[in-house]
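Report on the structure given below.
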Amino acid sequence: MKPSDIPDQPERRDFLTKTAAVAIGAITALVPAAVGLVTVFDPLRRRSAASGPVLVTTLNALPNDGKPRRFQIIADREDAWNKFPQVPVGAVYLRRVDENRVEALNVTCPHAGCPVEFKPDTQSFLCPCHDSKFKLDGTLADPESPSPRGLDTLTVEIRNGAEVWVTFQNFEAGKARKVPLA
Ligand code: FES
């Protein structure tokens with residue numbers, strides 16, 4: 001008698017039927033789950049948009065002594081899933097360099113994102129995390145600093161004679177050139 005002549009055993013048929021059912025069931029469950037995961041995590045691929053110009057302070061609050069002052073930036077923030085109106089989104093150092101000219105630096109260290117500190121004794125900025133050093137204008141003060149670039153400069157406008165508006169923007173850390181976070 002040849003093997004093909006042997007009739008299918010009921011147990012074997014039952015096993016094949018169950019295996020097929022499990023496989024179809026798994027595919028049926030996985031496809032919607034995968035679609036769901038893509039939907040849930042898709043917003044993470046979209047980063048919050050840069051703010052427009054934000055009123056930060058007035059010239060009166062910036063004595064013309066060349067010292068930087070730290071200000072928090074309050075603006076609307078949008079993350080992957082939510083919108084938050086008027087919350088802290090970052091901070092800047094503002095330095096009045098002329099009667100009507102102000103320079104702005106993002107406080108975030110371009111190495112790995114720690115906030116830098118102004119050191120009055122050396123008139124420079126120091127990052128407490130890995131000791132990157134920056135001059136008053138934000139450029140690197142020490143070539144040994146691990147930061148790949150100087151502090152990120154931001155656009156400042158003086159409006160209505162005294163209002164200091166800053167276009168706040170974050171940039172990618174760890175890169176030698178400024179790459180805005182969209
Ligand atoms: S985060 Fe500033 S030096 Fe590393």
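Going through the structure tokens in order, the chains are called A, B, and so on, while each chain numbers its residues from 1 and the ligands are numbered from 1 in the order shown.
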At most 12 Å from ligand 1 (only C-alpha atoms and all ligand atoms): residue list as JSON, numbers by chain: {"A": [107, 108, 109, 110, 111, 112, 113, 114, 115, 116, 117, 125, 126, 127, 128, 129, 130, 131, 132, 133, 134, 140, 142, 144, 145, 146, 147, 148, 149, 150, 151, 173, 174]}
Backbone-only DSSP, strand (DSSP E) members of stretch 64-159 of chain A, as a ChimeraX atom specification: /A:69-78,83-98,101-106,117-119,124-126,133-134,153-159
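Of the residues listed (A:Phe118, A:Val89, A:Lys83, A:Val164), A:Val164 shows the shortest atom-to-atom separation from A:Leu62; distances use only C-alpha atoms.
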Nearby residues (only C-alpha atoms) at most 9 Å from A:Glu172, same-chain spacing under 5 positions excluded, as a PDB file with all heavy atoms, in the first residue's frame:
ATOM      1  N   PRO A 110      24.528  73.359  22.986  1.00  0.00           N
ATOM      2  CA  PRO A 110      24.381  72.552  21.767  1.00  0.00           C
ATOM      3  C   PRO A 110      25.036  71.166  21.853  1.00  0.00           C
ATOM      4  O   PRO A 110      24.920  70.390  20.932  1.00  0.00           O
ATOM      5  CB  PRO A 110      25.065  73.398  20.687  1.00  0.00           C
ATOM      6  CG  PRO A 110      25.167  74.763  21.270  1.00  0.00           C
ATOM      7  CD  PRO A 110      25.310  74.565  22.748  1.00  0.00           C
ATOM      8  N   GLY A 113      22.274  69.564  25.444  1.00  0.00           N
ATOM      9  CA  GLY A 113      21.003  70.169  25.860  1.00  0.00           C
ATOM     10  C   GLY A 113      20.907  70.673  27.278  1.00  0.00           C
ATOM     11  O   GLY A 113      19.818  71.042  27.718  1.00  0.00           O
ATOM     12  N   ARG A 177      26.525  72.406  12.823  1.00  0.00           N
ATOM     13  CA  ARG A 177      25.776  73.556  12.288  1.00  0.00           C
ATOM     14  C   ARG A 177      24.377  73.560  12.887  1.00  0.00           C
ATOM     15  O   ARG A 177      23.875  72.530  13.344  1.00  0.00           O
ATOM     16  CB  ARG A 177      25.730  73.523  10.763  1.00  0.00           C
ATOM     17  CG  ARG A 177      25.000  72.361  10.193  1.00  0.00           C
ATOM     18  CD  ARG A 177      25.147  72.274   8.691  1.00  0.00           C
ATOM     19  NE  ARG A 177      24.387  71.134   8.200  1.00  0.00           N
ATOM     20  CZ  ARG A 177      23.111  71.185   7.873  1.00  0.00           C
ATOM     21  NH1 ARG A 177      22.456  72.327   7.959  1.00  0.00           N
ATOM     22  NH2 ARG A 177      22.479  70.101   7.471  1.00  0.00           N
ATOM     23  N   LYS A 178      23.758  74.743  12.866  1.00  0.00           N
ATOM     24  CA  LYS A 178      22.428  74.892  13.461  1.00  0.00           C
ATOM     25  C   LYS A 178      21.385  74.240  12.572  1.00  0.00           C
ATOM     26  O   LYS A 178      21.204  74.651  11.423  1.00  0.00           O
ATOM     27  CB  LYS A 178      22.084  76.375  13.614  1.00  0.00           C
ATOM     28  CG  LYS A 178      22.856  77.075  14.730  1.00  0.00           C
ATOM     29  CD  LYS A 178      22.758  78.586  14.625  1.00  0.00           C
ATOM     30  CE  LYS A 178      21.437  79.130  15.047  1.00  0.00           C
ATOM     31  NZ  LYS A 178      21.396  80.613  15.013  1.00  0.00           N
ATOM     32  N   VAL A 179      20.710  73.262  13.103  1.00  0.00           N
ATOM     33  CA  VAL A 179      19.617  72.619  12.366  1.00  0.00           C
ATOM     34  C   VAL A 179      18.344  72.847  13.188  1.00  0.00           C
ATOM     35  O   VAL A 179      18.182  72.261  14.255  1.00  0.00           O
ATOM     36  CB  VAL A 179      19.851  71.108  12.162  1.00  0.00           C
ATOM     37  CG1 VAL A 179      18.683  70.473  11.422  1.00  0.00           C
ATOM     38  CG2 VAL A 179      21.165  70.865  11.448  1.00  0.00           C
ATOM     39  N   PRO A 180      17.454  73.737  12.700  1.00  0.00           N
ATOM     40  CA  PRO A 180      16.262  74.037  13.496  1.00  0.00           C
ATOM     41  C   PRO A 180      15.390  72.802  13.699  1.00  0.00           C
ATOM     42  O   PRO A 180      15.239  71.990  12.796  1.00  0.00           O
ATOM     43  CB  PRO A 180      15.510  75.076  12.644  1.00  0.00           C
ATOM     44  CG  PRO A 180      16.507  75.563  11.659  1.00  0.00           C
ATOM     45  CD  PRO A 180      17.489  74.446  11.430  1.00  0.00           C
ATOM     46  N   LEU A 181      14.851  72.707  14.916  1.00  0.00           N
ATOM     47  CA  LEU A 181      13.834  71.685  15.173  1.00  0.00           C
ATOM     48  C   LEU A 181      12.530  72.255  14.645  1.00  0.00           C
ATOM     49  O   LEU A 181      12.126  73.351  15.046  1.00  0.00           O
ATOM     50  CB  LEU A 181      13.725  71.379  16.664  1.00  0.00           C
ATOM     51  CG  LEU A 181      14.933  70.660  17.272  1.00  0.00           C
ATOM     52  CD1 LEU A 181      14.795  70.580  18.779  1.00  0.00           C
ATOM     53  CD2 LEU A 181      15.068  69.269  16.688  1.00  0.00           C
TER      54      LEU A 181
END
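Omitting stretch 53-61 of chain A and its sequence neighbours fewer than 6 positions away, and counting only C-alpha atoms, the residues within 8 Å are Phe71, Gln72, Ile73, Ile74, Ala75, Asn100, Ala162, Glu163, Val164, Trp165, Val166, Thr167 and Phe168 of chain A.
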Next, write the just-selected residues to a file, as a compact mmCIF listing (two decimals), in the first residue's frame, keeping all heavy atoms as the atom set.
# COMPACT_ATOMS: atom_id res chain seq x y z
N PHE A 71 15.99 85.22 30.62
CA PHE A 71 14.52 85.35 30.58
C PHE A 71 13.91 84.04 30.11
O PHE A 71 14.42 83.39 29.19
CB PHE A 71 14.10 86.46 29.61
CG PHE A 71 14.49 87.84 30.05
CD1 PHE A 71 15.73 88.36 29.71
CD2 PHE A 71 13.62 88.62 30.81
CE1 PHE A 71 16.11 89.62 30.11
CE2 PHE A 71 13.99 89.89 31.22
CZ PHE A 71 15.25 90.40 30.87
N GLN A 72 12.80 83.71 30.76
CA GLN A 72 12.04 82.56 30.30
C GLN A 72 11.20 82.97 29.09
O GLN A 72 10.75 84.12 29.02
CB GLN A 72 11.12 82.11 31.43
CG GLN A 72 10.81 80.64 31.41
CD GLN A 72 10.21 80.18 32.72
OE1 GLN A 72 9.30 80.83 33.23
NE2 GLN A 72 10.68 79.07 33.24
N ILE A 73 11.01 82.06 28.18
CA ILE A 73 10.14 82.32 27.02
C ILE A 73 8.80 81.64 27.27
O ILE A 73 8.74 80.43 27.50
CB ILE A 73 10.76 81.76 25.72
CG1 ILE A 73 12.12 82.39 25.45
CG2 ILE A 73 9.81 81.96 24.55
CD1 ILE A 73 12.07 83.85 25.07
N ILE A 74 7.76 82.45 27.27
CA ILE A 74 6.40 81.92 27.46
C ILE A 74 5.69 82.00 26.12
O ILE A 74 5.60 83.06 25.51
CB ILE A 74 5.62 82.77 28.51
CG1 ILE A 74 6.42 82.89 29.81
CG2 ILE A 74 4.24 82.18 28.75
CD1 ILE A 74 6.57 81.63 30.60
N ALA A 75 5.20 80.87 25.70
CA ALA A 75 4.52 80.84 24.39
C ALA A 75 3.59 79.63 24.34
O ALA A 75 3.64 78.76 25.22
CB ALA A 75 5.55 80.78 23.26
N ASN A 100 19.96 100.60 21.07
CA ASN A 100 18.76 99.95 20.55
C ASN A 100 19.06 98.58 19.93
O ASN A 100 18.36 98.16 19.03
CB ASN A 100 18.11 100.84 19.48
CG ASN A 100 17.30 101.93 20.13
OD1 ASN A 100 16.46 101.67 20.99
ND2 ASN A 100 17.59 103.16 19.76
N ALA A 162 10.61 100.16 22.48
CA ALA A 162 11.21 99.59 23.69
C ALA A 162 10.93 98.10 23.89
O ALA A 162 11.55 97.49 24.74
CB ALA A 162 10.71 100.36 24.90
N GLU A 163 10.00 97.56 23.14
CA GLU A 163 9.65 96.15 23.37
C GLU A 163 10.70 95.23 22.71
O GLU A 163 11.07 95.43 21.55
CB GLU A 163 8.28 95.82 22.77
CG GLU A 163 7.15 96.57 23.45
CD GLU A 163 5.83 96.38 22.70
OE1 GLU A 163 5.80 95.66 21.68
OE2 GLU A 163 4.83 96.95 23.17
N VAL A 164 11.12 94.23 23.48
CA VAL A 164 12.12 93.28 22.97
C VAL A 164 11.41 91.99 22.59
O VAL A 164 10.88 91.27 23.45
CB VAL A 164 13.21 93.00 24.02
CG1 VAL A 164 14.26 92.04 23.46
CG2 VAL A 164 13.86 94.31 24.47
N TRP A 165 11.36 91.72 21.31
CA TRP A 165 10.71 90.52 20.78
C TRP A 165 11.78 89.54 20.28
O TRP A 165 12.71 89.94 19.58
CB TRP A 165 9.77 90.88 19.62
CG TRP A 165 8.55 91.64 20.03
CD1 TRP A 165 8.51 92.94 20.44
CD2 TRP A 165 7.21 91.16 20.09
NE1 TRP A 165 7.20 93.31 20.74
CE2 TRP A 165 6.39 92.22 20.53
CE3 TRP A 165 6.61 89.92 19.80
CZ2 TRP A 165 5.01 92.09 20.69
CZ3 TRP A 165 5.23 89.79 19.96
CH2 TRP A 165 4.45 90.87 20.41
N VAL A 166 11.62 88.29 20.66
CA VAL A 166 12.59 87.27 20.26
C VAL A 166 11.87 86.17 19.48
O VAL A 166 10.81 85.70 19.88
CB VAL A 166 13.28 86.65 21.50
CG1 VAL A 166 14.21 85.50 21.09
CG2 VAL A 166 14.06 87.71 22.27
N THR A 167 12.47 85.79 18.36
CA THR A 167 11.96 84.62 17.63
C THR A 167 12.64 83.40 18.22
O THR A 167 13.81 83.11 17.93
CB THR A 167 12.25 84.73 16.13
OG1 THR A 167 11.64 85.93 15.65
CG2 THR A 167 11.68 83.54 15.37
N PHE A 168 11.92 82.72 19.11
CA PHE A 168 12.53 81.61 19.84
C PHE A 168 12.55 80.35 18.97
O PHE A 168 11.57 80.02 18.30
CB PHE A 168 11.79 81.33 21.15
CG PHE A 168 12.47 80.29 21.97
CD1 PHE A 168 13.63 80.60 22.66
CD2 PHE A 168 11.98 79.00 22.02
CE1 PHE A 168 14.29 79.63 23.40
CE2 PHE A 168 12.64 78.03 22.76
CZ PHE A 168 13.79 78.34 23.45
May I have the residues within 8 Å of A:Arg69 as an mmCIF file with C-alpha atoms, in the first residue's frame, using only C-alpha atoms and disregarding those fewer than 5 positions away in the same chain?
data_model
loop_
_atom_site.group_PDB
_atom_site.id
_atom_site.type_symbol
_atom_site.label_atom_id
_atom_site.label_comp_id
_atom_site.auth_asym_id
_atom_site.auth_seq_id
_atom_site.Cartn_x
_atom_site.Cartn_y
_atom_site.Cartn_z
ATOM 1 C CA LEU A 62 18.210 95.549 30.095
ATOM 2 C CA TYR A 93 20.109 85.240 27.597
ATOM 3 C CA LEU A 94 19.546 88.796 26.386
ATOM 4 C CA ARG A 95 22.422 91.256 26.232
#
